[in-house]
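This report refers to the structure that appears directly beneath it.
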Amino acid sequence: MTATKDIVTFDDSDTVIYYLADLVASRMRRRGVQGKGIAVGLRDSKLGSFTRQTKLPFNISNATQIAKAAIKLTREHWDRKLPLRTITVSVFDLSEIGSEEQISMFQNTDTQPARLDAAIDIIRSRYGYNKIIRANLIERDFIYDKSDAEDFLLFMR
């Protein structure tokens, strides 16, 4: 996503990352996939860019988990000398949800985040995306909000 103004603080970058993670997680759940790696792309105001990625010890499809991993990468690698204009968040090493996987006995298997995400998806599909949003997105003017139809227009031709 290219922001409508420069992103100069970690707080602003975190907000954009949560927004993007929410979109990515929603698309993943709709297609029934989960991922084991997170990638973050950052482009500064002088159009210099770089991408960083990390593998995770467990599969994810939850927006909060995606955002936390992406925020960690951003904070480790963005030196804040130049403001950001574009941030990308993606998940890789995808597999179908429920495919065979060895579960660690130390991994949290709480199903509450998955149920919450499913409820949010239902509300958004019935009433629109903006009917339920994260509190940190309220009153933010640097998010360029596109629907999936607008976002993927070039790929649908």
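Naming scheme: A, B, ... for chains in displayed order of the structure tokens; residues 1 onward per chain; ligands 1 onward as shown.
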List as a tab-separated table (two decimals) with N, CA and C atoms, in the first residue's frame the protein and nucleic acid residues near A:Lys36, meaning an atom at most 7 Å away when only C-alpha atoms are counted, but skip any in the same chain fewer than 4 places from it.
```tsv
chain	number	residue	atom	x	y	z
A	55	LYS	N	10.91	-16.84	8.54
A	55	LYS	CA	10.09	-18.05	8.69
A	55	LYS	C	9.66	-18.13	10.14
A	56	LEU	N	8.46	-18.64	10.37
A	56	LEU	CA	7.91	-18.77	11.71
A	56	LEU	C	7.88	-20.25	12.10
A	58	PHE	N	5.50	-21.84	13.34
A	58	PHE	CA	4.13	-22.36	13.28
A	58	PHE	C	3.39	-21.68	12.14
A	59	ASN	N	2.30	-22.31	11.69
A	59	ASN	CA	1.47	-21.74	10.64
A	59	ASN	C	0.57	-20.65	11.19
A	60	ILE	N	0.33	-19.63	10.38
A	60	ILE	CA	-0.54	-18.54	10.81
A	60	ILE	C	-1.52	-18.17	9.70
A	92	PHE	N	4.07	-16.18	3.00
A	92	PHE	CA	4.53	-17.17	2.03
A	92	PHE	C	4.60	-18.55	2.69
A	93	ASP	N	5.03	-19.52	1.90
A	93	ASP	CA	5.06	-20.93	2.32
A	93	ASP	C	3.65	-21.36	2.76
A	94	LEU	N	2.71	-21.21	1.83
A	94	LEU	CA	1.30	-21.46	2.11
A	94	LEU	C	0.97	-22.95	2.06
```
Distance of atom CA of A:His77 from atom CA of A:Gly48, expressed in Å to one decimal place: 13.5 Å
Nearest-residue call for A:Phe10, choices A:Leu73, A:Ala39, A:Ala63, A:Val24, using only C-alpha atoms: A:Leu73
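Using only C-alpha atoms, the contacts of A:Pro113 at a cut-off of 12 Å, with sequence neighbours closer than 4 positions omitted, comprise Ala25, Ile60, Ser61, Asn62, Ala63, Thr64, Gln65, Asn108, Thr109, Asp117, Ala118, Ala119 and Ile120 of chain A.
Considering the residues A:Ile97, A:Ala3, A:Ile66, A:Val33 and counting only C-alpha atoms, A:Ala21 has its shortest atom-to-atom contact with A:Ile66.
Every protein, DNA or RNA residue with an atom at most 10 Å from A:Phe50, where only C-alpha atoms count and chain neighbours fewer than 4 positions away do not, is listed here: Val40, Gly41, Leu42, Arg43, Asp44, His77 and Trp78 of chain A.
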For A:Glu76: contacts at 12 Å, only C-alpha atoms, fewer than 6 positions along chain excluded, given as number ranges by chain: A: 10, 40, 52-54, 69-70
Emit the selected residues as a compact mmCIF listing (two decimals), in the first residue's frame, including C-alpha atoms.
```txt
# COMPACT_ATOMS: atom_id res chain seq x y z
CA PHE A 10 6.81 3.47 14.13
CA VAL A 40 7.71 -7.00 4.57
CA ARG A 52 12.89 -8.65 4.59
CA GLN A 53 11.32 -11.96 5.44
CA THR A 54 11.30 -14.51 8.22
CA ALA A 69 5.76 -10.56 12.88
CA ALA A 70 5.70 -7.80 10.23
```
Interatomic distance (Å, one decimal) between atom CA of A:Asp11 and atom CA of A:Pro83: 12.6 Å
Point-to-point distance in Å for atom CA of A:Ile87 and atom CA of A:Arg134: 18.2 Å
Nearest to A:Ser13 by atom-to-atom distance, counting only C-alpha atoms, from A:Asn130, A:Ser95, A:Thr86, A:Ser125: A:Thr86
What parts of stretch 4-148 of chain A does DSSP call strand (DSSP E)? I'd like the answer as a short mmCIF file (atom, residue, chain, number, x, y, z; two decimals) with N, CA and C atoms, in the first residue's frame.
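What follows is the written file part39.cif:
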```cif
data_model
loop_
_atom_site.label_atom_id
_atom_site.label_comp_id
_atom_site.auth_asym_id
_atom_site.auth_seq_id
_atom_site.Cartn_x
_atom_site.Cartn_y
_atom_site.Cartn_z
N THR A 4 -0.98 7.90 1.67
CA THR A 4 -1.31 9.21 1.10
C THR A 4 -0.37 10.31 1.59
N LYS A 5 0.41 10.01 2.64
CA LYS A 5 1.44 10.95 3.11
C LYS A 5 2.58 10.13 3.70
N ASP A 6 3.69 10.79 3.96
CA ASP A 6 4.87 10.09 4.48
C ASP A 6 4.59 9.43 5.83
N ILE A 7 5.17 8.27 6.00
CA ILE A 7 5.10 7.53 7.26
C ILE A 7 6.44 7.77 7.95
N VAL A 33 -6.20 -21.04 3.33
CA VAL A 33 -4.77 -21.30 3.44
C VAL A 33 -4.19 -20.65 4.69
N GLN A 34 -3.04 -21.13 5.07
CA GLN A 34 -2.25 -20.58 6.16
C GLN A 34 -0.81 -20.52 5.69
N GLY A 35 0.01 -19.74 6.35
CA GLY A 35 1.39 -19.58 5.92
C GLY A 35 2.37 -19.78 7.04
N LYS A 36 3.62 -19.96 6.65
CA LYS A 36 4.66 -20.19 7.65
C LYS A 36 5.75 -19.12 7.61
N GLY A 37 5.59 -18.13 6.72
CA GLY A 37 6.58 -17.07 6.63
C GLY A 37 5.93 -15.72 6.36
N ILE A 38 6.59 -14.67 6.82
CA ILE A 38 6.12 -13.30 6.65
C ILE A 38 7.19 -12.51 5.90
N ALA A 39 6.74 -11.68 4.95
CA ALA A 39 7.66 -10.78 4.24
C ALA A 39 7.12 -9.36 4.34
N VAL A 40 8.05 -8.42 4.50
CA VAL A 40 7.71 -7.00 4.57
C VAL A 40 8.56 -6.27 3.54
N GLY A 41 7.91 -5.45 2.73
CA GLY A 41 8.62 -4.60 1.78
C GLY A 41 8.45 -3.15 2.20
N LEU A 42 9.54 -2.40 2.19
CA LEU A 42 9.51 -0.99 2.57
C LEU A 42 10.12 -0.15 1.45
N ARG A 43 9.42 0.92 1.06
CA ARG A 43 9.94 1.86 0.06
C ARG A 43 9.91 3.24 0.69
N ASP A 44 11.06 3.92 0.63
CA ASP A 44 11.15 5.24 1.26
C ASP A 44 10.73 6.34 0.28
N SER A 49 14.15 0.88 -1.91
CA SER A 49 13.31 -0.13 -1.29
C SER A 49 14.11 -1.37 -0.92
N PHE A 50 13.56 -2.11 0.03
CA PHE A 50 14.13 -3.40 0.40
C PHE A 50 13.04 -4.26 0.98
N THR A 51 13.28 -5.56 0.97
CA THR A 51 12.33 -6.54 1.49
C THR A 51 13.05 -7.41 2.51
N ARG A 52 12.37 -7.73 3.58
CA ARG A 52 12.89 -8.65 4.59
C ARG A 52 11.83 -9.70 4.86
N GLN A 53 12.27 -10.88 5.15
CA GLN A 53 11.32 -11.96 5.44
C GLN A 53 11.85 -12.85 6.54
N THR A 54 10.93 -13.58 7.15
CA THR A 54 11.30 -14.51 8.22
C THR A 54 10.36 -15.70 8.18
N LYS A 55 10.91 -16.84 8.54
CA LYS A 55 10.09 -18.05 8.69
C LYS A 55 9.66 -18.13 10.14
N LEU A 56 8.46 -18.64 10.37
CA LEU A 56 7.91 -18.77 11.71
C LEU A 56 7.88 -20.25 12.10
N PRO A 57 7.91 -20.54 13.38
CA PRO A 57 7.90 -21.95 13.82
C PRO A 57 6.51 -22.60 13.75
N PHE A 58 5.50 -21.84 13.34
CA PHE A 58 4.13 -22.36 13.28
C PHE A 58 3.39 -21.68 12.14
N ASN A 59 2.30 -22.31 11.69
CA ASN A 59 1.47 -21.74 10.64
C ASN A 59 0.57 -20.65 11.19
N ILE A 60 0.33 -19.63 10.38
CA ILE A 60 -0.54 -18.54 10.81
C ILE A 60 -1.52 -18.17 9.70
N LEU A 84 8.82 6.59 5.04
CA LEU A 84 8.32 5.55 4.14
C LEU A 84 7.14 6.08 3.33
N ARG A 85 7.00 5.58 2.11
CA ARG A 85 5.84 5.87 1.29
C ARG A 85 5.01 4.61 1.03
N THR A 86 5.68 3.47 0.96
CA THR A 86 4.99 2.23 0.64
C THR A 86 5.41 1.13 1.60
N ILE A 87 4.43 0.37 2.05
CA ILE A 87 4.69 -0.81 2.88
C ILE A 87 3.90 -1.96 2.27
N THR A 88 4.56 -3.10 2.15
CA THR A 88 3.86 -4.31 1.71
C THR A 88 4.02 -5.38 2.78
N VAL A 89 2.99 -6.17 2.96
CA VAL A 89 3.01 -7.30 3.89
C VAL A 89 2.50 -8.50 3.13
N SER A 90 3.25 -9.58 3.18
CA SER A 90 2.80 -10.81 2.51
C SER A 90 3.16 -12.02 3.36
N VAL A 91 2.46 -13.09 3.09
CA VAL A 91 2.68 -14.36 3.77
C VAL A 91 3.08 -15.37 2.71
N PHE A 92 4.07 -16.18 3.00
CA PHE A 92 4.53 -17.17 2.03
C PHE A 92 4.60 -18.55 2.69
N SER A 95 0.00 -23.33 2.87
CA SER A 95 -0.56 -24.68 2.85
C SER A 95 -2.03 -24.58 3.19
N GLU A 96 -2.78 -25.61 2.86
CA GLU A 96 -4.21 -25.60 3.18
C GLU A 96 -4.40 -25.70 4.68
#
```
